[in-house]
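**Student:** Below is the file protein_21.csv, which contains CSV, C-alpha atoms and all ligand atoms.
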chain,number,residue,atom,x,y,z
A,1,MET,CA,23.7,-36.8,58.1
A,2,ILE,CA,20.2,-36.0,56.7
A,3,GLU,CA,20.5,-33.4,53.9
A,4,HIS,CA,16.8,-32.8,53.0
A,5,LEU,CA,14.2,-31.6,55.4
A,6,TYR,CA,10.5,-31.2,54.8
A,7,ILE,CA,8.3,-29.3,57.3
A,8,HIS,CA,4.5,-29.6,57.1
A,9,ILE,CA,2.5,-26.6,58.3
A,10,PRO,CA,-1.1,-27.9,58.2
A,11,PHE,CA,-3.1,-24.6,58.4
A,12,CYS,CA,-5.1,-22.8,55.7
A,13,PRO,CA,-7.3,-19.7,56.1
A,14,ASN,CA,-9.6,-21.2,53.5
A,15,ILE,CA,-10.0,-24.8,52.3
A,16,CYS,CA,-10.0,-25.2,48.5
A,17,PRO,CA,-12.5,-27.8,47.1
A,18,TYR,CA,-9.9,-29.7,45.0
A,19,CYS,CA,-7.1,-30.1,47.6
A,20,ALA,CA,-6.3,-33.3,49.4
A,21,PHE,CA,-3.2,-32.1,51.3
A,22,TYR,CA,-3.6,-32.6,55.0
A,23,LYS,CA,-4.8,-29.2,56.4
A,24,GLU,CA,-7.3,-27.5,58.7
A,25,SER,CA,-8.5,-24.1,59.5
A,26,ALA,CA,-6.1,-22.3,61.9
A,27,GLY,CA,-7.0,-21.4,65.5
A,28,ARG,CA,-4.4,-19.4,67.4
A,29,GLU,CA,-4.0,-21.7,70.3
A,30,ARG,CA,-3.9,-24.8,68.1
A,31,VAL,CA,-1.2,-23.2,65.9
A,32,GLU,CA,0.9,-22.3,69.0
A,33,SER,CA,0.9,-25.7,70.5
A,34,PHE,CA,1.7,-27.2,67.1
A,35,LEU,CA,4.7,-24.9,66.7
A,36,GLU,CA,5.9,-25.9,70.2
A,37,ALA,CA,5.6,-29.6,69.2
A,38,LEU,CA,7.3,-29.0,65.9
A,39,LEU,CA,10.3,-27.5,67.6
A,40,VAL,CA,10.5,-30.5,70.0
A,41,GLU,CA,10.4,-32.9,67.0
A,42,ALA,CA,13.2,-30.8,65.2
A,43,ASP,CA,15.3,-30.9,68.4
A,44,ARG,CA,15.0,-34.7,68.6
A,45,TRP,CA,16.6,-35.0,65.1
A,46,SER,CA,19.0,-32.1,65.3
A,47,ALA,CA,22.2,-34.2,65.8
A,48,GLN,CA,21.5,-36.1,62.6
A,49,LEU,CA,20.5,-33.1,60.5
A,50,LYS,CA,22.7,-30.9,58.4
A,51,PRO,CA,20.2,-29.8,55.7
A,52,LYS,CA,21.2,-28.6,52.2
A,53,THR,CA,17.5,-28.0,51.5
A,54,ILE,CA,14.5,-27.2,53.6
A,55,PHE,CA,11.0,-27.1,52.3
A,56,PHE,CA,8.1,-25.6,54.2
A,57,GLY,CA,5.0,-27.1,52.6
A,58,GLY,CA,1.4,-27.4,53.6
A,59,GLY,CA,-1.2,-26.4,54.0
A,60,THR,CA,-0.3,-22.8,53.8
A,61,PRO,CA,2.9,-22.0,55.7
A,62,SER,CA,2.5,-18.3,54.8
A,63,ALA,CA,-0.7,-18.3,56.9
A,64,LEU,CA,1.5,-18.1,60.1
A,65,SER,CA,1.6,-14.7,61.7
A,66,ILE,CA,4.8,-12.6,62.2
A,67,PRO,CA,5.2,-13.6,65.9
A,68,GLN,CA,4.5,-17.3,65.0
A,69,PHE,CA,7.2,-17.1,62.3
A,70,GLU,CA,9.7,-15.5,64.7
A,71,ASN,CA,9.1,-18.3,67.1
A,72,LEU,CA,9.4,-21.1,64.5
A,73,LEU,CA,12.3,-19.7,62.5
A,74,GLY,CA,14.2,-18.5,65.5
A,75,GLY,CA,13.7,-21.9,67.1
A,76,LEU,CA,14.9,-23.8,64.0
A,77,CYS,CA,17.9,-21.5,63.4
A,78,SER,CA,19.0,-22.0,67.0
A,79,LYS,CA,18.5,-25.8,67.0
A,80,LEU,CA,19.8,-26.8,63.6
A,81,ASP,CA,23.2,-26.6,61.9
A,82,LEU,CA,22.3,-24.6,58.8
A,83,SER,CA,25.9,-24.1,57.6
A,84,ASN,CA,25.4,-26.3,54.5
A,85,LEU,CA,22.0,-24.8,53.6
A,86,GLU,CA,21.6,-24.0,49.9
A,87,GLU,CA,17.9,-23.8,49.3
A,88,TRP,CA,15.1,-22.9,51.8
A,89,THR,CA,11.7,-22.8,50.2
A,90,ILE,CA,8.4,-21.7,51.6
A,91,GLU,CA,5.0,-22.3,50.0
A,92,MET,CA,2.8,-19.1,50.0
A,93,ASN,CA,-0.7,-18.4,49.1
A,94,PRO,CA,-1.0,-15.0,47.4
A,95,ALA,CA,-3.8,-14.0,49.9
A,96,THR,CA,-1.3,-14.3,52.8
A,97,VAL,CA,1.7,-12.4,51.4
A,98,ALA,CA,2.6,-9.1,53.0
A,99,ALA,CA,5.7,-6.9,52.9
A,100,ASP,CA,6.6,-7.2,56.6
A,101,LYS,CA,6.2,-11.0,56.5
A,102,ALA,CA,8.3,-11.2,53.3
A,103,ALA,CA,11.1,-9.1,54.9
A,104,LEU,CA,11.1,-11.4,58.0
A,105,LEU,CA,11.4,-14.6,55.9
A,106,LYS,CA,14.2,-13.1,53.9
A,107,ASP,CA,16.0,-12.0,57.1
A,108,PHE,CA,15.9,-15.6,58.5
A,109,GLY,CA,17.5,-16.9,55.3
A,110,ILE,CA,14.6,-18.3,53.3
A,111,ASN,CA,15.7,-17.9,49.7
A,112,ARG,CA,13.0,-19.5,47.5
A,113,ILE,CA,9.3,-18.9,47.3
A,114,SER,CA,6.7,-21.2,45.7
A,115,MET,CA,3.4,-19.3,45.3
A,116,GLY,CA,0.1,-20.9,44.5
A,117,VAL,CA,-1.2,-18.5,41.8
A,118,GLN,CA,-3.2,-21.3,40.0
A,119,SER,CA,-4.6,-19.0,37.3
A,120,TRP,CA,-4.6,-15.4,36.2
A,121,ASP,CA,-8.3,-15.7,35.2
A,122,ASP,CA,-10.7,-14.5,37.9
A,123,ALA,CA,-13.5,-16.8,36.7
A,124,VAL,CA,-11.2,-19.8,37.0
A,125,LEU,CA,-9.9,-18.7,40.4
A,126,LYS,CA,-13.5,-18.5,41.6
A,127,SER,CA,-14.3,-22.0,40.3
A,128,LEU,CA,-11.2,-23.2,42.2
A,129,GLY,CA,-12.6,-21.6,45.4
A,130,ARG,CA,-9.6,-19.3,45.7
A,131,THR,CA,-9.9,-16.2,47.9
A,132,HIS,CA,-7.5,-14.1,46.0
A,133,ASP,CA,-8.0,-12.6,42.5
A,134,ALA,CA,-5.4,-12.2,39.8
A,135,ASP,CA,-4.5,-8.6,40.8
A,136,LYS,CA,-3.8,-9.6,44.4
A,137,ALA,CA,-1.6,-12.4,43.1
A,138,GLU,CA,0.4,-10.0,40.9
A,139,GLU,CA,0.7,-7.5,43.8
A,140,SER,CA,2.0,-10.4,46.0
A,141,PHE,CA,4.5,-11.4,43.4
A,142,GLN,CA,5.8,-7.8,43.3
A,143,VAL,CA,5.9,-7.6,47.2
A,144,LEU,CA,8.2,-10.7,47.1
A,145,ARG,CA,10.4,-9.2,44.5
A,146,HIS,CA,10.7,-5.9,46.5
A,147,ALA,CA,11.7,-7.9,49.5
A,148,GLY,CA,14.6,-9.2,47.5
A,149,PHE,CA,13.5,-12.7,46.6
A,150,ASP,CA,15.2,-13.7,43.3
A,151,ASN,CA,14.1,-17.3,43.2
A,152,VAL,CA,10.3,-17.4,42.9
A,153,SER,CA,8.2,-20.2,41.5
A,154,ILE,CA,4.5,-20.0,40.5
A,155,ASP,CA,2.1,-22.9,40.7
A,156,LEU,CA,-0.6,-23.1,38.0
A,157,ILE,CA,-3.4,-25.5,37.4
A,158,PHE,CA,-4.9,-26.5,34.0
A,159,GLY,CA,-7.7,-28.9,33.1
A,160,VAL,CA,-10.2,-26.9,35.2
A,161,PRO,CA,-13.7,-27.3,33.8
A,162,GLY,CA,-14.8,-24.1,32.1
A,163,GLN,CA,-11.1,-23.1,31.5
A,164,SER,CA,-10.7,-22.6,27.8
A,165,LEU,CA,-7.4,-23.0,25.9
A,166,GLU,CA,-7.4,-19.2,25.4
A,167,SER,CA,-7.8,-18.6,29.2
A,168,TRP,CA,-4.8,-21.0,29.8
A,169,ARG,CA,-2.8,-19.3,27.1
A,170,ARG,CA,-3.4,-15.9,28.8
A,171,THR,CA,-2.4,-17.4,32.2
A,172,LEU,CA,0.9,-18.7,30.7
A,173,GLU,CA,1.6,-15.4,29.0
A,174,ARG,CA,0.9,-13.3,32.1
A,175,SER,CA,3.1,-15.6,34.1
A,176,LEU,CA,5.9,-15.2,31.6
A,177,ARG,CA,5.6,-11.4,31.8
A,178,LEU,CA,6.4,-11.6,35.5
A,179,ALA,CA,9.5,-13.6,34.7
A,180,PRO,CA,9.5,-16.1,37.6
A,181,GLU,CA,12.5,-18.3,37.9
A,182,HIS,CA,10.4,-21.5,38.0
A,183,LEU,CA,6.9,-22.6,37.1
A,184,SER,CA,4.9,-25.7,38.1
A,185,ALA,CA,1.9,-26.5,35.9
A,186,TYR,CA,-0.3,-29.3,37.2
A,187,GLY,CA,-3.3,-30.9,35.5
A,188,LEU,CA,-6.3,-30.8,37.9
A,189,THR,CA,-6.7,-34.1,39.7
A,190,TYR,CA,-9.9,-35.3,41.4
A,191,GLU,CA,-8.6,-36.4,44.8
A,192,GLU,CA,-10.6,-38.6,47.0
A,193,ASP,CA,-12.2,-36.8,50.0
A,194,THR,CA,-12.5,-33.5,48.2
A,195,GLU,CA,-15.5,-31.6,47.1
A,196,PHE,CA,-14.4,-31.8,43.5
A,197,PHE,CA,-14.2,-35.6,43.7
A,198,GLN,CA,-17.8,-35.8,45.0
A,199,LYS,CA,-19.0,-33.4,42.2
A,200,LEU,CA,-17.3,-35.6,39.7
A,201,GLY,CA,-19.0,-38.7,41.1
A,202,ARG,CA,-22.4,-36.9,40.8
A,203,GLY,CA,-21.7,-35.9,37.2
A,204,GLU,CA,-21.6,-32.2,38.1
A,205,MET,CA,-18.0,-31.8,36.8
A,206,ALA,CA,-16.8,-33.3,33.6
A,207,PRO,CA,-13.1,-33.4,32.7
A,208,ASP,CA,-12.2,-32.8,29.0
A,209,GLU,CA,-9.2,-34.9,28.3
A,210,GLY,CA,-8.6,-33.6,24.8
A,211,LEU,CA,-8.6,-30.0,25.9
A,212,GLU,CA,-6.3,-30.9,28.9
A,213,ALA,CA,-3.9,-32.5,26.4
A,214,ASP,CA,-3.9,-29.3,24.3
A,215,GLN,CA,-3.3,-27.2,27.4
A,216,PHE,CA,-0.4,-29.4,28.4
A,217,GLU,CA,1.2,-29.2,25.0
A,218,LEU,CA,0.7,-25.4,24.9
A,219,THR,CA,2.5,-25.2,28.2
A,220,SER,CA,5.6,-27.1,27.0
A,221,GLU,CA,5.6,-25.0,23.8
A,222,LEU,CA,5.2,-21.5,25.3
A,223,LEU,CA,7.4,-22.0,28.3
A,224,GLY,CA,10.0,-23.9,26.2
A,225,ASN,CA,10.2,-21.0,23.7
A,226,ALA,CA,10.6,-18.6,26.7
A,227,GLY,CA,13.7,-20.4,27.9
A,228,TYR,CA,12.2,-22.6,30.6
A,229,ALA,CA,13.4,-26.2,30.5
A,230,GLN,CA,10.7,-28.8,31.3
A,231,TYR,CA,13.0,-30.6,33.7
A,232,GLU,CA,10.2,-32.8,35.0
A,233,VAL,CA,6.7,-33.5,33.6
A,234,SER,CA,5.0,-30.7,35.6
A,235,ASN,CA,8.0,-28.5,36.4
A,236,TYR,CA,9.8,-25.8,34.3
A,237,ALA,CA,12.8,-23.7,35.3
A,238,LEU,CA,15.4,-21.3,34.0
A,239,THR,CA,18.9,-22.7,34.0
A,240,GLY,CA,20.1,-23.4,37.5
A,241,ARG,CA,16.7,-22.7,39.1
A,242,GLU,CA,15.4,-26.2,39.3
A,243,SER,CA,14.1,-27.1,42.7
A,244,ARG,CA,17.0,-28.8,44.5
A,245,HIS,CA,14.6,-30.2,47.2
A,246,ASN,CA,12.2,-31.8,44.8
A,247,SER,CA,15.1,-33.1,42.6
A,248,ALA,CA,16.5,-34.8,45.7
A,249,TYR,CA,13.1,-36.7,46.1
A,250,TRP,CA,13.2,-37.7,42.5
A,251,ARG,CA,16.8,-39.0,42.8
A,252,GLY,CA,15.6,-41.2,45.7
A,253,SER,CA,17.7,-39.3,48.4
A,254,ASP,CA,16.9,-39.7,52.0
A,255,TYR,CA,14.7,-37.0,53.6
A,256,LEU,CA,13.2,-36.2,56.9
A,257,GLY,CA,9.6,-34.9,57.2
A,258,LEU,CA,8.4,-33.1,60.3
A,259,GLY,CA,4.9,-32.2,61.2
A,260,PRO,CA,1.6,-34.0,60.8
A,261,SER,CA,1.2,-36.2,57.7
A,262,ALA,CA,4.8,-35.8,56.7
A,263,PHE,CA,6.6,-38.8,55.3
A,264,SER,CA,10.3,-39.6,55.9
A,265,THR,CA,12.6,-42.1,54.2
A,266,LEU,CA,15.9,-42.9,55.7
A,267,GLY,CA,17.7,-46.0,54.3
A,268,SER,CA,15.2,-48.8,54.1
A,269,ARG,CA,12.9,-47.2,56.7
A,270,ARG,CA,9.9,-45.2,55.7
A,271,TRP,CA,7.2,-43.7,57.9
A,272,ARG,CA,4.4,-41.1,58.1
A,273,ASN,CA,3.5,-38.9,61.0
A,274,ILE,CA,0.0,-38.9,62.4
A,275,ARG,CA,-2.5,-37.0,60.1
A,276,GLU,CA,-4.2,-35.0,62.9
A,277,THR,CA,-2.6,-31.9,64.3
A,278,GLY,CA,-3.9,-32.1,67.9
A,279,VAL,CA,-2.8,-35.7,68.3
A,280,TYR,CA,0.5,-34.9,66.7
A,281,SER,CA,1.2,-32.1,69.1
A,282,LYS,CA,0.0,-34.0,72.2
A,283,THR,CA,2.0,-37.2,71.3
A,284,THR,CA,5.2,-35.2,70.5
A,285,MET,CA,4.9,-33.1,73.7
A,286,ALA,CA,4.5,-36.3,75.7
A,287,GLY,CA,7.9,-37.5,74.5
A,288,SER,CA,6.6,-40.1,72.0
A,289,THR,CA,7.0,-40.3,68.2
A,290,ALA,CA,3.9,-39.3,66.4
A,291,ILE,CA,4.1,-42.0,63.7
A,292,ASP,CA,1.0,-43.7,62.3
A,293,PHE,CA,2.5,-45.8,59.5
A,294,GLU,CA,5.9,-47.4,59.1
A,295,GLU,CA,7.4,-49.9,56.6
A,296,GLU,CA,10.6,-51.4,55.4
A,297,VAL,CA,11.3,-50.6,51.8
A,298,SER,CA,13.5,-53.1,50.0
A,299,GLU,CA,16.3,-51.9,47.7
A,300,ARG,CA,14.4,-53.5,44.8
A,301,VAL,CA,11.3,-51.4,45.5
A,302,LYS,CA,13.4,-48.3,46.0
A,303,ALA,CA,15.0,-48.9,42.6
A,304,GLY,CA,11.5,-49.1,41.1
A,305,GLU,CA,10.5,-45.8,42.7
A,306,ARG,CA,13.7,-44.1,41.6
A,307,ALA,CA,13.0,-45.2,38.0
A,308,ALA,CA,9.4,-44.1,38.1
A,309,PHE,CA,10.5,-40.6,39.3
A,310,GLY,CA,13.6,-40.5,37.1
A,311,MET,CA,11.6,-41.3,34.0
A,312,ARG,CA,9.5,-38.2,34.6
A,313,THR,CA,12.6,-36.0,34.5
A,314,ASN,CA,14.5,-34.6,31.4
A,315,THR,CA,17.5,-36.8,32.2
A,316,GLY,CA,15.4,-40.0,32.0
A,317,LEU,CA,17.0,-43.3,32.9
A,318,LEU,CA,20.3,-45.0,32.0
A,319,VAL,CA,19.7,-48.0,29.7
A,320,SER,CA,22.2,-49.9,31.8
A,321,GLU,CA,20.0,-49.5,34.9
A,322,CYS,CA,16.8,-50.7,33.2
A,323,SER,CA,17.4,-54.3,32.3
A,324,ARG,CA,14.7,-55.4,34.7
A,325,TRP,CA,12.1,-53.4,32.7
A,326,GLU,CA,13.5,-54.0,29.2
A,327,THR,CA,10.4,-55.8,27.8
A,328,GLU,CA,8.0,-53.2,29.1
A,329,LEU,CA,10.1,-50.3,27.9
A,330,ARG,CA,10.4,-51.9,24.4
A,331,GLN,CA,6.6,-52.1,24.4
A,332,ALA,CA,6.3,-48.5,25.4
A,333,LEU,CA,8.7,-47.6,22.6
A,334,GLY,CA,6.4,-49.3,20.1
A,335,GLN,CA,3.5,-47.3,21.5
A,336,GLY,CA,5.5,-44.0,21.1
A,337,LEU,CA,5.6,-43.3,24.8
A,338,VAL,CA,9.3,-43.5,25.3
A,339,LYS,CA,12.4,-43.1,23.1
A,340,LEU,CA,16.0,-44.1,23.2
A,341,GLU,CA,18.5,-41.3,23.0
A,342,GLY,CA,22.2,-42.3,23.4
A,343,ASN,CA,22.4,-44.4,26.5
A,344,ARG,CA,19.1,-43.1,28.0
A,345,TRP,CA,15.4,-43.9,28.0
A,346,LEU,CA,13.4,-40.7,27.8
A,347,LEU,CA,9.7,-39.8,27.6
A,348,THR,CA,8.4,-38.7,24.2
A,349,SER,CA,5.9,-35.8,24.3
A,350,LYS,CA,3.1,-38.3,24.1
A,351,GLY,CA,4.7,-40.1,27.0
A,352,ARG,CA,4.9,-36.9,29.1
A,353,LEU,CA,1.2,-36.6,28.7
A,354,LEU,CA,0.7,-40.2,29.9
A,355,ALA,CA,3.6,-40.2,32.4
A,356,ASP,CA,1.5,-41.9,35.1
A,357,THR,CA,0.8,-44.8,32.8
A,358,VAL,CA,4.5,-45.1,31.9
A,359,ALA,CA,5.4,-45.0,35.6
A,360,GLU,CA,3.3,-48.1,36.2
A,361,ILE,CA,6.1,-50.1,34.4
A,362,PHE,CA,8.4,-49.6,37.4
A,363,VAL,CA,6.2,-50.2,40.4
A,401,LIG,C1,0.2,-26.8,49.2
A,401,LIG,S1,-0.4,-26.0,47.8
A,401,LIG,C2,0.5,-24.5,47.6
A,401,LIG,C3,0.5,-23.4,48.6
A,401,LIG,C4,-0.8,-22.8,49.1
A,401,LIG,N1,-1.4,-23.7,50.0
A,401,LIG,C5,-1.7,-22.4,48.0
A,401,LIG,O1,-2.6,-23.1,47.7
A,401,LIG,O2,-1.5,-21.3,47.4
A,401,LIG,C6,0.5,-26.9,46.6
A,401,LIG,C7,0.0,-26.8,45.1
A,401,LIG,O3,-0.5,-28.1,44.7
A,401,LIG,C8,-1.3,-27.9,43.6
A,401,LIG,N2,-2.5,-28.7,43.8
A,401,LIG,C9,-3.2,-29.0,45.0
A,401,LIG,N3,-4.2,-29.8,44.8
A,401,LIG,C10,-4.3,-30.0,43.4
A,401,LIG,C11,-5.1,-30.8,42.6
A,401,LIG,N4,-6.1,-31.5,43.1
A,401,LIG,N5,-4.8,-30.8,41.3
A,401,LIG,C12,-3.8,-30.2,40.8
A,401,LIG,N6,-3.0,-29.4,41.5
A,401,LIG,C13,-3.2,-29.3,42.8
A,401,LIG,C14,-1.7,-26.4,43.6
A,401,LIG,O4,-1.1,-25.8,42.4
A,401,LIG,C15,-1.0,-25.8,44.8
A,401,LIG,O5,-0.5,-24.6,44.6
A,402,LIG,S1,-4.5,-25.6,47.7
A,402,LIG,FE1,-3.3,-24.6,49.3
A,402,LIG,S2,-4.7,-23.1,50.3
A,402,LIG,FE2,-5.9,-24.5,49.1
A,402,LIG,S3,-6.5,-26.0,50.7
A,402,LIG,FE3,-4.7,-26.8,49.6
A,402,LIG,S4,-3.0,-26.2,50.8
A,402,LIG,FE4,-4.8,-24.9,51.5
For the structure just supplied, provide its representation as structure tokens.
**Tutor:**
Amino acid sequence: MIEHLYIHIPFCPNICPYCAFYKESAGRERVESFLEALLVEADRWSAQLKPKTIFFGGGTPSALSIPQFENLLGGLCSKLDLSNLEEWTIEMNPATVAADKAALLKDFGINRISMGVQSWDDAVLKSLGRTHDADKAEESFQVLRHAGFDNVSIDLIFGVPGQSLESWRRTLERSLRLAPEHLSAYGLTYEEDTEFFQKLGRGEMAPDEGLEADQFELTSELLGNAGYAQYEVSNYALTGRESRHNSAYWRGSDYLGLGPSAFSTLGSRRWRNIRETGVYSKTTMAGSTAIDFEEEVSERVKAGERAAFGMRTNTGLLVSECSRWETELRQALGQGLVKLEGNRWLLTSKGRLLADTVAEIFV
């Protein structure tokens, strides 16, 4: 049985200039035919699905209207066996949070929210092209609390040009005052096919790596002091509030992804759905699978991927499972990137900063 289900909702009311996730602006008819196709795709897999975790990602799943949510959630609840479900997360953009929507999500059993706050500094929000300001984000957070959500995560971005260390400190402190159960803090990345990537190429944006390193260290320090464990390089949680869905990815568990651009990995088979909503909907409704990429992944490659993800977590890797990479890990030890603690390899704080470089050892 498949225990982890990802559902990609590819619509955003506004497109942010740094974001490379597959998304488009929503038109009502397009959304409705997409939802119809999504339920057909879910139905196809229903006999093999008994999810412990479901994750609605995007795009902006919270951009769906109330009737659209009733249709989607009602359909999923009737088609899938949810008797084992432990965690059901939805990503929300603060601009699309409303009390009636929050109540509906709660009623259908969604029990975890991941909200893209990004910053509590209005100037930084503006340079990120966000449509909400800090006050709206705080109001949305309170709306979610009033609706009864007791497992809320906040996404933040650091390393934004023009964002000082003080601005980032204030963002961390204001986040802590709200006492979310979980925080994700990402360094801004310049993804291909984004406006920011083009600006970087034209020299109109300039990353400051030294400042970004200071912001990263401040994050570990402030959140650590406040009782949040850095259980993965970019993720912090109160005890017991780690994301079960993402932890399953990092352990290398099987997962099914529905919707355009979604990846799935089942055993040695990995595939990706078509990255175009109209084609996805049409192909699925015509009774075909909307796959545009498929590969066989050997156990050796999977072990490398598991190690690359595992190394980013606070449990690291068992020495006994790393004989293949012993030479490279010893080298990284000499460079102060990793350390040996008991029977485990773990990242040092320098290694957490350069986690992508360390991950190259395994792939
Ligand atoms: C799908 S979005 C979250 C939900 C919603 N669409 C929103 O933006 O509020 C996932 C998260 O990825 C992060 N993200 C996206 N693009 C990024 C980039 N280029 N660099 C760093 N973080 C990024 C943001 O923190 C964002 O909240
Ligand atoms: S960051 Fe979120 S709201 Fe912005 S374009 Fe990406 S998915 Fe959409």
**Student:** So, with all atoms listed in the file as the atoms that count, which of A:Gln48, A:Ala290, A:Ala42, A:Asp100 lies closest to Leu76 (chain A)?
**Tutor:**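 For Leu76 (chain A), the nearest of the given residues is A:Ala42.
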**Student:** Ranking A:Glu305, A:Asp107, A:Glu139, A:Asp155 by minimum distance to ligand LIG 402 (chain A) and counting all atoms listed in the file, which one comes first?
**Tutor:** A:Asp155
**Student:** Using all atoms listed in the file, what does the table of chain A residues within 6 Å of ligand LIG 401 (chain A) look like, with each row giving the shortest atom pair and its distance in Å to one decimal, sorted by chain and ascending number, as CSV?
**Tutor:**
residue,atom,partner,partner_atom,distance
A:Tyr18,CA,A:LIG401,N4,4.6
A:Cys19,CA,A:LIG401,N3,4.0
A:Gly57,CA,A:LIG401,C1,5.9
A:Gly58,CA,A:LIG401,C1,4.6
A:Gly59,CA,A:LIG401,N1,4.8
A:Thr60,CA,A:LIG401,N1,4.1
A:Glu91,CA,A:LIG401,C3,4.8
A:Met92,CA,A:LIG401,C3,5.1
A:Asn93,CA,A:LIG401,O2,3.5
A:Met115,CA,A:LIG401,O2,5.7
A:Gly116,CA,A:LIG401,O2,3.3
A:Gln118,CA,A:LIG401,O4,5.5
A:Asp155,CA,A:LIG401,O4,4.6
A:Leu156,CA,A:LIG401,O4,5.2
A:Ile157,CA,A:LIG401,O4,5.5
A:Tyr186,CA,A:LIG401,N6,5.1
A:Gly187,CA,A:LIG401,C12,5.4
A:Leu188,CA,A:LIG401,N5,3.7
A:Thr189,CA,A:LIG401,N5,4.1
A:Tyr190,CA,A:LIG401,N4,5.6
A:Glu191,CA,A:LIG401,N4,5.8
**Student:** Enter the distance from CA of Ser78 (chain A) to CA of Arg30 (chain A), in Å, rounded to one decimal.
**Tutor:**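 CA of Ser78 (chain A) sits 23.1 Å away from CA of Arg30 (chain A).
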**Student:** In Å, rounded to a single decimal, give me how far CA of Asp356 (chain A) is from CA of Arg324 (chain A).
**Tutor:**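 Value for the CA of Arg324 (chain A)-CA of Asp356 (chain A) distance: 18.9 Å.
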**Student:** Go through A:Leu223, A:Leu340, A:Ile2, A:Met311 and flag the residue nearest Arg352 (chain A), using all atoms listed in the file for the distances.
**Tutor:**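 Counting all atoms listed in the file, the residue closest to Arg352 (chain A) is A:Met311.
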**Student:** Hey, which of A:Leu38, A:Val117, A:Leu346, A:Ala303 ends up closest to ligand LIG 402 (chain A)? Count only C-alpha atoms and all ligand atoms.
**Tutor:** A:Val117
**Student:** Env of Gly227 (chain A): 10 Å cut, atoms = all atoms listed in the file, seq-sep filter 3 positions within chain, self excluded. Answer as a VMD selection string.
**Tutor:** chain A and resid 222 to 224 230 236 to 239
**Student:** Can you pull out the residues contacting Thr289 (chain A)? Cut-off 12 Å, using all atoms listed in the file, and skip same-chain residues under 5 positions away; I want them as a PyMOL selection string.
**Tutor:** chain A and resi 37-38+40-42+44-45+258-260+271-274+279-284+294
**Student:** Using only C-alpha atoms, find the one residue out of A:Asn71, A:Ser127, A:Thr53, A:Thr348 that sits nearest to Ser247 (chain A).
**Tutor:**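 The shortest atom-to-atom distance to Ser247 (chain A) comes from A:Thr53.
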**Student:** Would you list the contacts of Gly240 (chain A) as a PDB file with C-alpha atoms, in the frame of the given file, taking every protein, DNA or RNA residue within 10 Å and counting all atoms listed in the file, but skipping same-chain residues closer than 4 positions in sequence?
**Tutor:**
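Output contents, as saved in around17.pdb:
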ATOM      1  CA  GLU A 181      12.500 -18.300  37.900  1.00  0.00           C
ATOM      2  CA  HIS A 182      10.400 -21.500  38.000  1.00  0.00           C
ATOM      3  CA  ARG A 244      17.000 -28.800  44.500  1.00  0.00           C
TER       4      ARG A 244
END
**Student:** CA of Val143 (chain A) to CA of Arg112 (chain A): how many Å, to one decimal?
**Tutor:**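 A separation of 13.9 Å between them.
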**Student:** Out of A:Ala147, A:Ala248, A:Leu317, A:Ala226, which residue has the shortest atom-to-atom distance to Glu173 (chain A) when counting all atoms listed in the file?
**Tutor:** A:Ala226
**Student:** Would you list the residues near (-8.7, -22.4, 27.9) (no more than 12 Å away, in the coordinates of the file, using only C-alpha atoms) as a ChimeraX atom specification?
**Tutor:** /A:119-121,123-124,157-172,208,210-216,218-219
**Student:** Got a sec: who's within 9 Å of region 62-68 of chain A, counting all atoms listed in the file, leaving out chain neighbours fewer than 3 positions off, as a PyMOL selection string?
**Tutor:** chain A and resi 9+11-13+26+31-32+35+59+71-73+90-97+100-101+104
**Student:** For the selection just defined, write its residues with C-alpha atoms to a file, as a short mmCIF file (atom, residue, chain, number, x, y, z; two decimals), in the coordinates of the input.
**Tutor:**
data_model
loop_
_atom_site.label_atom_id
_atom_site.label_comp_id
_atom_site.auth_asym_id
_atom_site.auth_seq_id
_atom_site.Cartn_x
_atom_site.Cartn_y
_atom_site.Cartn_z
CA ILE A 9 2.50 -26.60 58.30
CA PHE A 11 -3.10 -24.60 58.40
CA CYS A 12 -5.10 -22.80 55.70
CA PRO A 13 -7.30 -19.70 56.10
CA ALA A 26 -6.10 -22.30 61.90
CA VAL A 31 -1.20 -23.20 65.90
CA GLU A 32 0.90 -22.30 69.00
CA LEU A 35 4.70 -24.90 66.70
CA GLY A 59 -1.20 -26.40 54.00
CA ASN A 71 9.10 -18.30 67.10
CA LEU A 72 9.40 -21.10 64.50
CA LEU A 73 12.30 -19.70 62.50
CA ILE A 90 8.40 -21.70 51.60
CA GLU A 91 5.00 -22.30 50.00
CA MET A 92 2.80 -19.10 50.00
CA ASN A 93 -0.70 -18.40 49.10
CA PRO A 94 -1.00 -15.00 47.40
CA ALA A 95 -3.80 -14.00 49.90
CA THR A 96 -1.30 -14.30 52.80
CA VAL A 97 1.70 -12.40 51.40
CA ASP A 100 6.60 -7.20 56.60
CA LYS A 101 6.20 -11.00 56.50
CA LEU A 104 11.10 -11.40 58.00
#
**Student:** Within 12 Å of Arg269 (chain A), counting only C-alpha atoms, which residues show up once you throw out same-chain ones fewer than 3 positions away? Write them as a ChimeraX atom specification, please.
**Tutor:** /A:254-256,263-266,272,293-299,302
**Student:** What residues have an atom no more than 12 Å from (-15.7, -33.7, 46.0) in the file's own frame, counting only C-alpha atoms, and can you write them as a count of residues only?
**Tutor:** 22
